[in-house]
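input.txt (compact mmCIF, C-alpha atoms) appears below.
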```txt
# COMPACT_ATOMS: atom_id res chain seq x y z
CA MET O 20 9.38 -49.71 -0.56
CA SER O 21 10.68 -47.63 -3.46
CA SER O 22 8.79 -44.40 -4.01
CA SER O 23 9.20 -44.46 -7.80
CA ILE O 24 6.11 -44.04 -9.94
CA HIS O 25 6.38 -47.63 -11.15
CA HIS O 26 6.52 -49.21 -7.71
CA LEU O 27 3.89 -46.96 -6.20
CA LEU O 28 1.42 -47.82 -8.96
CA ILE O 29 1.94 -51.53 -8.32
CA TRP O 30 1.41 -50.98 -4.58
CA ALA O 31 -1.71 -48.89 -5.15
CA ARG O 32 -3.22 -51.33 -7.64
CA ASP O 33 -2.81 -54.22 -5.18
CA ILE O 34 -4.40 -52.21 -2.36
CA LEU O 35 -7.39 -51.31 -4.55
CA ILE O 36 -7.82 -54.86 -5.86
CA LYS O 37 -8.02 -56.17 -2.29
CA ALA O 38 -10.62 -53.50 -1.50
CA GLY O 39 -12.79 -54.58 -4.43
CA VAL O 40 -12.49 -51.27 -6.30
CA PRO O 41 -13.90 -51.84 -9.82
CA SER O 42 -11.07 -50.17 -11.82
CA PRO O 43 -7.96 -50.46 -9.62
CA ARG O 44 -5.28 -49.72 -12.22
CA ALA O 45 -7.05 -46.74 -13.74
CA ASP O 46 -7.89 -45.26 -10.32
CA ALA O 47 -4.29 -45.68 -9.16
CA GLU O 48 -3.05 -43.88 -12.27
CA TRP O 49 -5.62 -41.06 -12.19
CA THR O 50 -4.82 -40.43 -8.53
CA LEU O 51 -1.07 -40.31 -9.10
CA ALA O 52 -1.49 -38.01 -12.10
CA HIS O 53 -3.54 -35.73 -9.84
CA VAL O 54 -0.83 -35.69 -7.15
CA LEU O 55 1.92 -35.02 -9.70
CA GLU O 56 -0.24 -32.52 -11.65
CA CYS O 57 0.58 -34.22 -14.93
CA PRO O 58 -1.38 -36.04 -17.65
CA ARG O 59 -2.02 -39.69 -16.92
CA SER O 60 -0.30 -40.55 -20.22
CA GLU O 61 3.03 -39.27 -18.84
CA LEU O 62 3.24 -41.78 -15.99
CA LEU O 63 4.71 -44.56 -18.11
CA MET O 64 7.42 -42.29 -19.49
CA ARG O 65 8.31 -41.15 -15.96
CA ALA O 66 8.13 -44.62 -14.39
CA ARG O 67 11.52 -44.42 -12.63
CA GLN O 68 10.94 -40.94 -11.24
CA PRO O 69 10.74 -40.84 -7.43
CA LEU O 70 8.14 -38.83 -5.56
CA THR O 71 9.01 -36.32 -2.91
CA PRO O 72 8.17 -37.37 0.66
CA GLU O 73 5.19 -34.99 0.59
CA GLN O 74 3.89 -36.39 -2.71
CA ASN O 75 4.40 -39.93 -1.46
CA ALA O 76 2.42 -39.29 1.72
CA THR O 77 -0.37 -37.51 -0.14
CA TYR O 78 -0.66 -40.32 -2.67
CA ARG O 79 -0.75 -43.07 -0.08
CA ASN O 80 -3.42 -41.25 1.89
CA LEU O 81 -5.60 -40.85 -1.21
CA ILE O 82 -5.21 -44.51 -2.14
CA HIS O 83 -6.22 -45.66 1.35
CA ARG O 84 -9.29 -43.39 1.16
CA ARG O 85 -10.15 -44.84 -2.25
CA ALA O 86 -9.80 -48.32 -0.73
CA ASP O 87 -12.43 -47.19 1.78
CA ARG O 88 -14.64 -46.74 -1.32
CA ILE O 89 -14.73 -42.96 -1.34
CA PRO O 90 -15.41 -42.11 -5.00
CA LEU O 91 -12.40 -41.14 -7.05
CA GLN O 92 -14.19 -38.01 -8.26
CA HIS O 93 -14.66 -36.81 -4.68
CA LEU O 94 -11.00 -37.45 -3.88
CA LEU O 95 -9.86 -35.49 -6.91
CA GLY O 96 -12.63 -32.88 -6.62
CA ASN O 97 -13.42 -32.88 -10.31
CA THR O 98 -14.40 -34.95 -13.32
CA GLU O 99 -15.32 -34.57 -16.99
CA PHE O 100 -18.72 -34.74 -18.63
CA TYR O 101 -19.22 -34.40 -22.37
CA GLY O 102 -15.66 -33.09 -22.63
CA LEU O 103 -16.24 -30.32 -20.08
CA PRO O 104 -14.74 -29.96 -16.57
CA PHE O 105 -16.97 -30.16 -13.50
CA HIS O 106 -16.35 -29.79 -9.79
CA THR O 107 -17.76 -32.64 -7.73
CA SER O 108 -18.87 -32.96 -4.12
CA PRO O 109 -21.08 -35.20 -1.95
CA ASP O 110 -23.85 -32.60 -2.37
CA ALA O 111 -24.88 -33.94 -5.80
CA LEU O 112 -24.70 -37.07 -7.89
CA ILE O 113 -21.34 -37.68 -9.53
CA PRO O 114 -21.72 -37.00 -13.27
CA ARG O 115 -22.05 -40.24 -15.16
CA PRO O 116 -21.43 -40.91 -18.86
CA GLU O 117 -24.89 -42.49 -19.22
CA THR O 118 -26.43 -39.01 -18.95
CA GLU O 119 -24.60 -38.00 -22.13
CA THR O 120 -27.22 -40.03 -24.00
CA LEU O 121 -29.95 -37.56 -23.03
CA VAL O 122 -27.73 -34.58 -23.79
CA GLU O 123 -26.83 -35.89 -27.25
CA ILE O 124 -30.37 -36.59 -28.40
CA VAL O 125 -31.62 -33.22 -27.15
CA LEU O 126 -28.77 -31.36 -28.84
CA ASP O 127 -29.56 -33.15 -32.07
CA GLN O 128 -33.20 -32.09 -31.82
CA LEU O 129 -32.55 -28.47 -30.87
CA LYS O 130 -29.37 -27.58 -32.75
CA ASN O 131 -31.17 -25.61 -35.50
CA ILE O 132 -33.47 -23.62 -33.20
CA THR O 133 -32.44 -20.19 -31.89
CA LYS O 134 -33.38 -18.35 -28.69
CA LEU O 135 -34.34 -21.49 -26.83
CA ARG O 136 -35.91 -21.63 -23.37
CA ILE O 137 -34.91 -24.80 -21.54
CA LEU O 138 -35.85 -26.10 -18.09
CA ASP O 139 -33.59 -28.59 -16.29
CA ILE O 140 -35.38 -30.18 -13.32
CA GLY O 141 -33.21 -31.49 -10.48
CA THR O 142 -30.00 -30.12 -11.96
CA GLY O 143 -27.64 -31.56 -9.32
CA SER O 144 -24.11 -30.56 -10.31
CA GLY O 145 -25.52 -28.81 -13.37
CA ILE O 146 -24.20 -31.10 -16.08
CA ILE O 147 -27.28 -31.07 -18.33
CA ALA O 148 -27.95 -27.33 -18.05
CA ILE O 149 -24.31 -26.36 -18.50
CA THR O 150 -23.57 -28.71 -21.38
CA LEU O 151 -26.63 -27.55 -23.31
CA SER O 152 -25.91 -23.90 -22.56
CA LYS O 153 -22.35 -24.32 -23.79
CA ALA O 154 -23.47 -25.89 -27.06
CA LEU O 155 -26.63 -23.84 -27.67
CA THR O 156 -25.13 -20.40 -27.24
CA GLU O 157 -28.37 -18.43 -27.80
CA SER O 158 -30.35 -20.46 -25.27
CA HIS O 159 -31.43 -19.52 -21.77
CA VAL O 160 -31.66 -22.34 -19.25
CA ILE O 161 -33.49 -22.41 -15.94
CA ALA O 162 -31.97 -25.04 -13.66
CA THR O 163 -33.84 -26.08 -10.53
CA ASP O 164 -33.06 -28.27 -7.55
CA ILE O 165 -34.60 -28.75 -4.12
CA SER O 166 -31.11 -28.79 -2.59
CA ARG O 167 -29.47 -25.42 -1.98
CA LYS O 168 -26.06 -27.10 -1.70
CA ALA O 169 -26.48 -28.77 -5.09
CA LEU O 170 -27.43 -25.41 -6.63
CA TYR O 171 -24.29 -23.83 -5.18
CA LEU O 172 -22.17 -26.58 -6.75
CA ALA O 173 -24.00 -26.15 -10.07
CA SER O 174 -23.43 -22.39 -10.01
CA GLN O 175 -19.71 -22.99 -9.43
CA ASN O 176 -19.66 -25.30 -12.43
CA ALA O 177 -21.45 -22.71 -14.55
CA CYS O 178 -18.70 -20.21 -13.68
CA LEU O 179 -16.04 -22.82 -14.42
CA ASN O 180 -17.47 -23.32 -17.91
CA GLY O 181 -18.22 -19.69 -18.65
CA VAL O 182 -22.01 -19.93 -18.95
CA SER O 183 -23.21 -18.19 -15.78
CA ASP O 184 -24.89 -15.43 -17.80
CA HIS O 185 -27.04 -17.98 -19.65
CA ILE O 186 -28.36 -20.05 -16.73
CA SER O 187 -30.74 -19.07 -13.92
CA PHE O 188 -30.56 -21.28 -10.82
CA LEU O 189 -33.72 -21.68 -8.77
CA GLN O 190 -34.39 -23.65 -5.59
CA ALA O 191 -37.64 -25.48 -6.24
CA ASP O 192 -39.47 -28.75 -5.72
CA LEU O 193 -39.82 -30.05 -9.27
CA LEU O 194 -42.12 -27.74 -11.28
CA THR O 195 -43.99 -26.03 -8.45
CA PRO O 196 -42.89 -22.43 -9.30
CA PHE O 197 -44.09 -22.64 -12.90
CA ALA O 198 -47.53 -22.13 -14.42
CA PRO O 199 -48.68 -22.34 -18.03
CA PRO O 200 -48.08 -20.95 -20.49
CA GLU O 201 -44.32 -21.00 -19.95
CA GLY O 202 -43.51 -22.03 -23.51
CA PHE O 203 -40.36 -24.02 -22.83
CA ASN O 204 -38.74 -25.49 -25.92
CA ALA O 205 -37.44 -28.35 -23.79
CA ILE O 206 -37.98 -29.68 -20.27
CA LEU O 207 -35.34 -32.17 -19.17
CA SER O 208 -34.61 -34.21 -16.08
CA ASN O 209 -32.43 -36.94 -14.71
CA PRO O 210 -34.68 -37.66 -11.73
CA PRO O 211 -34.13 -40.08 -8.84
CA TYR O 212 -35.10 -43.50 -10.24
CA ILE O 213 -33.64 -46.14 -7.93
CA PRO O 214 -36.31 -48.22 -6.14
CA SER O 215 -36.04 -47.58 -2.41
CA ARG O 216 -35.55 -51.24 -1.53
CA THR O 217 -32.49 -51.63 -3.80
CA ILE O 218 -30.43 -48.65 -2.64
CA ASP O 219 -28.64 -50.70 0.02
CA ALA O 220 -27.47 -53.12 -2.69
CA LEU O 221 -25.74 -50.42 -4.74
CA GLN O 222 -21.96 -50.08 -4.83
CA PRO O 223 -20.54 -48.48 -1.65
CA GLU O 224 -19.46 -45.40 -3.61
CA VAL O 225 -23.10 -44.77 -4.54
CA ARG O 226 -25.11 -45.80 -1.48
CA ALA O 227 -22.76 -44.15 1.01
CA CYS O 228 -21.54 -41.09 -0.91
CA ASP O 229 -24.27 -39.97 -3.33
CA PRO O 230 -27.14 -38.04 -1.67
CA HIS O 231 -30.12 -40.36 -1.16
CA LEU O 232 -32.35 -37.46 -2.13
CA ALA O 233 -30.95 -37.80 -5.66
CA LEU O 234 -31.24 -41.61 -5.75
CA ASP O 235 -34.53 -42.66 -4.15
CA GLY O 236 -37.32 -42.92 -6.72
CA GLY O 237 -39.86 -44.47 -4.38
CA SER O 238 -41.06 -48.05 -4.06
CA ASP O 239 -40.82 -48.83 -7.79
CA GLY O 240 -38.43 -46.05 -8.83
CA LEU O 241 -41.12 -44.21 -10.81
CA ASP O 242 -42.43 -41.63 -8.33
CA PHE O 243 -40.77 -38.66 -10.00
CA TYR O 244 -41.84 -39.64 -13.51
CA ARG O 245 -45.45 -39.70 -12.31
CA LYS O 246 -45.02 -36.16 -10.99
CA ILE O 247 -42.92 -34.66 -13.78
CA ILE O 248 -44.68 -35.96 -16.89
CA PRO O 249 -48.22 -34.60 -16.41
CA THR O 250 -47.07 -31.26 -14.99
CA SER O 251 -44.51 -30.71 -17.76
CA VAL O 252 -46.86 -30.97 -20.73
CA PRO O 253 -48.75 -27.66 -20.18
CA LEU O 254 -45.45 -25.83 -19.74
CA LEU O 255 -44.05 -26.88 -23.13
CA ALA O 256 -44.27 -24.80 -26.27
CA PRO O 257 -45.92 -26.49 -29.28
CA ASP O 258 -43.48 -29.15 -30.52
CA GLY O 259 -41.52 -28.68 -27.28
CA LEU O 260 -39.47 -31.64 -26.05
CA LEU O 261 -39.74 -33.59 -22.81
CA GLY O 262 -36.54 -35.57 -22.21
CA LEU O 263 -35.97 -37.93 -19.28
CA GLU O 264 -33.13 -40.18 -18.23
CA ILE O 265 -34.35 -43.61 -17.09
CA GLY O 266 -33.06 -46.69 -15.33
CA HIS O 267 -31.89 -49.49 -17.61
CA ASP O 268 -35.08 -51.54 -17.02
CA GLN O 269 -37.64 -48.72 -16.97
CA ALA O 270 -38.16 -47.99 -20.67
CA ASP O 271 -41.50 -49.78 -21.01
CA THR O 272 -43.10 -48.32 -17.90
CA VAL O 273 -41.92 -44.75 -18.52
CA THR O 274 -42.99 -44.79 -22.17
CA GLN O 275 -46.41 -46.03 -21.01
CA LEU O 276 -46.64 -43.07 -18.63
CA LEU O 277 -45.80 -40.75 -21.53
CA ALA O 278 -48.29 -42.43 -23.86
CA ARG O 279 -51.12 -41.79 -21.40
CA GLN O 280 -50.66 -38.03 -21.81
CA SER O 281 -52.88 -36.89 -24.64
CA GLY O 282 -50.66 -33.86 -25.26
CA LEU O 283 -47.56 -35.89 -26.17
CA THR O 284 -46.50 -37.58 -29.37
CA HIS O 285 -43.36 -38.97 -31.08
CA ILE O 286 -42.30 -40.97 -28.01
CA SER O 287 -38.89 -42.59 -28.48
CA THR O 288 -36.36 -44.55 -26.44
CA HIS O 289 -32.60 -44.16 -26.81
CA THR O 290 -29.82 -46.50 -25.69
CA ASP O 291 -26.50 -45.65 -24.06
CA LEU O 292 -23.10 -46.88 -25.21
CA SER O 293 -23.60 -50.12 -23.27
CA GLY O 294 -26.80 -50.84 -25.18
CA TYR O 295 -29.20 -50.16 -22.31
CA PRO O 296 -32.28 -47.95 -22.74
CA ARG O 297 -31.20 -44.75 -21.02
CA ALA O 298 -33.37 -41.86 -22.19
CA VAL O 299 -36.89 -41.24 -23.46
CA LEU O 300 -38.03 -38.31 -25.53
CA ALA O 301 -41.52 -37.04 -26.31
CA GLN O 302 -42.89 -34.00 -28.09
CA ARG O 303 -45.87 -31.79 -27.31
CA ARG O 304 -48.54 -31.97 -29.98
```

So that I can check it, write out the structure of this file as structure tokens.
Amino acid sequence: MSSSIHHLLIWARDILIKAGVPSPRADAEWTLAHVLECPRSELLMRARQPLTPEQNATYRNLIHRRADRIPLQHLLGNTEFYGLPFHTSPDALIPRPETETLVEIVLDQLKNITKLRILDIGTGSGIIAITLSKALTESHVIATDISRKALYLASQNACLNGVSDHISFLQADLLTPFAPPEGFNAILSNPPYIPSRTIDALQPEVRACDPHLALDGGSDGLDFYRKIIPTSVPLLAPDGLLGLEIGHDQADTVTQLLARQSGLTHISTHTDLSGYPRAVLAQRR
């Protein structure tokens, strides 16, 4: 087979289609752009260009691994979130665009406040803490996770984005190290929210490659909301924000949990770009 860009992309797309990969053409192109160290947009203009034997072998190996349903982000070692670069690894959830919903609504709420103190619970790869720190330059963020490996990845991403001096990373189980009055202006979390019984039905990239610790939300997916919501309220400053990412069908139950807390008001639900409820926000009275 020809080793030109054009023919290799056709070969790769067919391999990925047979493997059931959701976006075969895009994944084939992103992978080849990675191997050639060029923008994806250049591939069409360079369609007749042949690859070197080394590039050819590397590309074919990556495509076969993608056909085995290893996530593209793990193969490439990086991804983008909110326009920023992030390293990825199996030690934390792959950043997903749905989480940008929570980031956007919190930024809108906090953009005119200076010297903010923000707590990010279960930071994973650090996307929420780092994105907010990048945008809110006078803020200080504490980012926690129970996984030491996830915290190491998050710290690498903080260095990558130039915000290491504005984020403190702390290994912790949810909010156990904190006691009122902490006076946080915002407490945020994208907690595990997949019901235990449904994890095996997720796409192979998720169930086999994302850490189960970051997926499993208990029998109904709500275990972590029940823990985070009541313990967060005393740690918030007056008018402080509690922001949580939610599963697409969890808006009603999570807002009910928030409404039961006498210290919270202005409870709101926000949809992602697909129209699904994706984040809830509440404010301390």

Considering only C-alpha atoms, return as a CSV table (one decimal) with C-alpha atoms, keeping the file's coordinate frame whatever protein or nucleic-acid residues lie within 9 Å of range 89-97 of chain O, sequence-local ones (same chain, fewer than 3 positions apart) excluded.
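Everything below was put into result17.csv:
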```
chain,number,residue,atom,x,y,z
O,46,ASP,CA,-7.9,-45.3,-10.3
O,49,TRP,CA,-5.6,-41.1,-12.2
O,50,THR,CA,-4.8,-40.4,-8.5
O,53,HIS,CA,-3.5,-35.7,-9.8
O,81,LEU,CA,-5.6,-40.8,-1.2
O,84,ARG,CA,-9.3,-43.4,1.2
O,85,ARG,CA,-10.2,-44.8,-2.2
O,86,ALA,CA,-9.8,-48.3,-0.7
O,104,PRO,CA,-14.7,-30.0,-16.6
O,105,PHE,CA,-17.0,-30.2,-13.5
O,106,HIS,CA,-16.4,-29.8,-9.8
O,107,THR,CA,-17.8,-32.6,-7.7
O,108,SER,CA,-18.9,-33.0,-4.1
O,109,PRO,CA,-21.1,-35.2,-2.0
O,113,ILE,CA,-21.3,-37.7,-9.5
O,223,PRO,CA,-20.5,-48.5,-1.6
O,224,GLU,CA,-19.5,-45.4,-3.6
O,225,VAL,CA,-23.1,-44.8,-4.5
O,227,ALA,CA,-22.8,-44.2,1.0
O,228,CYS,CA,-21.5,-41.1,-0.9
```

Margin query: Can you tell me which residues surround Ala148 in chain O at a distance of at most 10 Å, considering all atoms listed in the file, apart from same-chain residues fewer than 3 positions away, and format the answer as an NGL selection string?
Written below: :O and (122 or 137-140 or 142-145 or 151-153 or 159-163 or 173 or 177 or 182 or 185-188 or 207-208)

Margin query: What's around Leu193 in chain O at 9 Å? Count all atoms listed in the file, leave out sequence neighbours fewer than 6 positions away in its own chain, and write the answer as a VMD selection string.
Written below: chain O and resid 140 to 141 163 to 165 243 246 to 247

Note to self: At a cut-off of 12 Å, using only C-alpha atoms, what residues contact Thr250 in chain O? Leave out same-chain residues fewer than 5 positions from it and give the result as JSON, numbers by chain.
What the structure shows: {"O": [140, 193, 194, 195, 196, 197, 198, 199, 200, 201, 206, 243, 244, 245, 255, 261, 277, 280, 282]}

Let me see the file: selected residues, C-alpha atoms, as a PDB file, in the coordinates of the input.
```pdb
ATOM      1  CA  ILE O 140     -35.380 -30.180 -13.320  1.00  0.00           C
ATOM      2  CA  LEU O 193     -39.820 -30.050  -9.270  1.00  0.00           C
ATOM      3  CA  LEU O 194     -42.120 -27.740 -11.280  1.00  0.00           C
ATOM      4  CA  THR O 195     -43.990 -26.030  -8.450  1.00  0.00           C
ATOM      5  CA  PRO O 196     -42.890 -22.430  -9.300  1.00  0.00           C
ATOM      6  CA  PHE O 197     -44.090 -22.640 -12.900  1.00  0.00           C
ATOM      7  CA  ALA O 198     -47.530 -22.130 -14.420  1.00  0.00           C
ATOM      8  CA  PRO O 199     -48.680 -22.340 -18.030  1.00  0.00           C
ATOM      9  CA  PRO O 200     -48.080 -20.950 -20.490  1.00  0.00           C
ATOM     10  CA  GLU O 201     -44.320 -21.000 -19.950  1.00  0.00           C
ATOM     11  CA  ILE O 206     -37.980 -29.680 -20.270  1.00  0.00           C
ATOM     12  CA  PHE O 243     -40.770 -38.660 -10.000  1.00  0.00           C
ATOM     13  CA  TYR O 244     -41.840 -39.640 -13.510  1.00  0.00           C
ATOM     14  CA  ARG O 245     -45.450 -39.700 -12.310  1.00  0.00           C
ATOM     15  CA  LEU O 255     -44.050 -26.880 -23.130  1.00  0.00           C
ATOM     16  CA  LEU O 261     -39.740 -33.590 -22.810  1.00  0.00           C
ATOM     17  CA  LEU O 277     -45.800 -40.750 -21.530  1.00  0.00           C
ATOM     18  CA  GLN O 280     -50.660 -38.030 -21.810  1.00  0.00           C
ATOM     19  CA  GLY O 282     -50.660 -33.860 -25.260  1.00  0.00           C
TER      20      GLY O 282
END
```

Next item on the list: Could you give me, as a PyMOL selection string, the residues within 8 Å of Gly202 in chain O, counting all atoms listed in the file and dropping anything in the same chain fewer than 4 positions from it?
Entry: chain O and resi 136+254-257+259

Output C-alpha atoms for every residue in that selection, as a PDB file, in the frame of the given file.
```
ATOM      1  CA  ARG O 136     -35.910 -21.630 -23.370  1.00  0.00           C
ATOM      2  CA  LEU O 254     -45.450 -25.830 -19.740  1.00  0.00           C
ATOM      3  CA  LEU O 255     -44.050 -26.880 -23.130  1.00  0.00           C
ATOM      4  CA  ALA O 256     -44.270 -24.800 -26.270  1.00  0.00           C
ATOM      5  CA  PRO O 257     -45.920 -26.490 -29.280  1.00  0.00           C
ATOM      6  CA  GLY O 259     -41.520 -28.680 -27.280  1.00  0.00           C
TER       7      GLY O 259
END
```

Checklist line | Distance criterion (all atoms listed in the file): nearest to His231 in chain O out of O:Val40, O:Leu55, O:Val273, O:Ala111 | finding: O:Ala111

Check: Between O:Pro210, O:Pro43, O:Pro253, O:Gly240, which one has atoms that come closest to Ile82 in chain O, using only C-alpha atoms?
Finding: O:Pro43

Notebook entry, point to check: Between CA of Ala31 in chain O and CA of Arg88 in chain O, what is the distance, to one decimal in Å?
Noted result: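 Pair CA of Ala31 in chain O / CA of Arg88 in chain O returns 13.7 Å.
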
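Of the residues listed (O:Val54, O:Asn176, O:Lys37, O:Met64), O:Asn176 shows the shortest atom-to-atom separation from Glu99 in chain O; distances use all atoms listed in the file.
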
Item checked: Residue nearest Pro114 in chain O - candidates O:Asp242, O:Asn209, O:Leu51, O:Gln68, atoms counted: only C-alpha atoms -> O:Asn209

Notebook entry, point to check: What does the distance from CA of Ala169 in chain O to CA of Lys130 in chain O come to in Å, to one decimal?
Noted result: 27.8 Å

Checklist line | Distance in Å - CA of Arg279 in chain O versus CA of Glu264 in chain O | finding: 18.3 Å

Margin query: I'd like to know which of O:Ile265, O:Leu234, O:Ala270, O:Leu129 is closest to Ala205 in chain O, using all atoms listed in the file.
Written below: O:Leu129

Item checked: Counting only C-alpha atoms, the option among O:Leu241, O:Leu135, O:Ala301, O:Val125 closest to Thr156 in chain O ->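 For Thr156 in chain O, the nearest of the candidates is O:Leu135.
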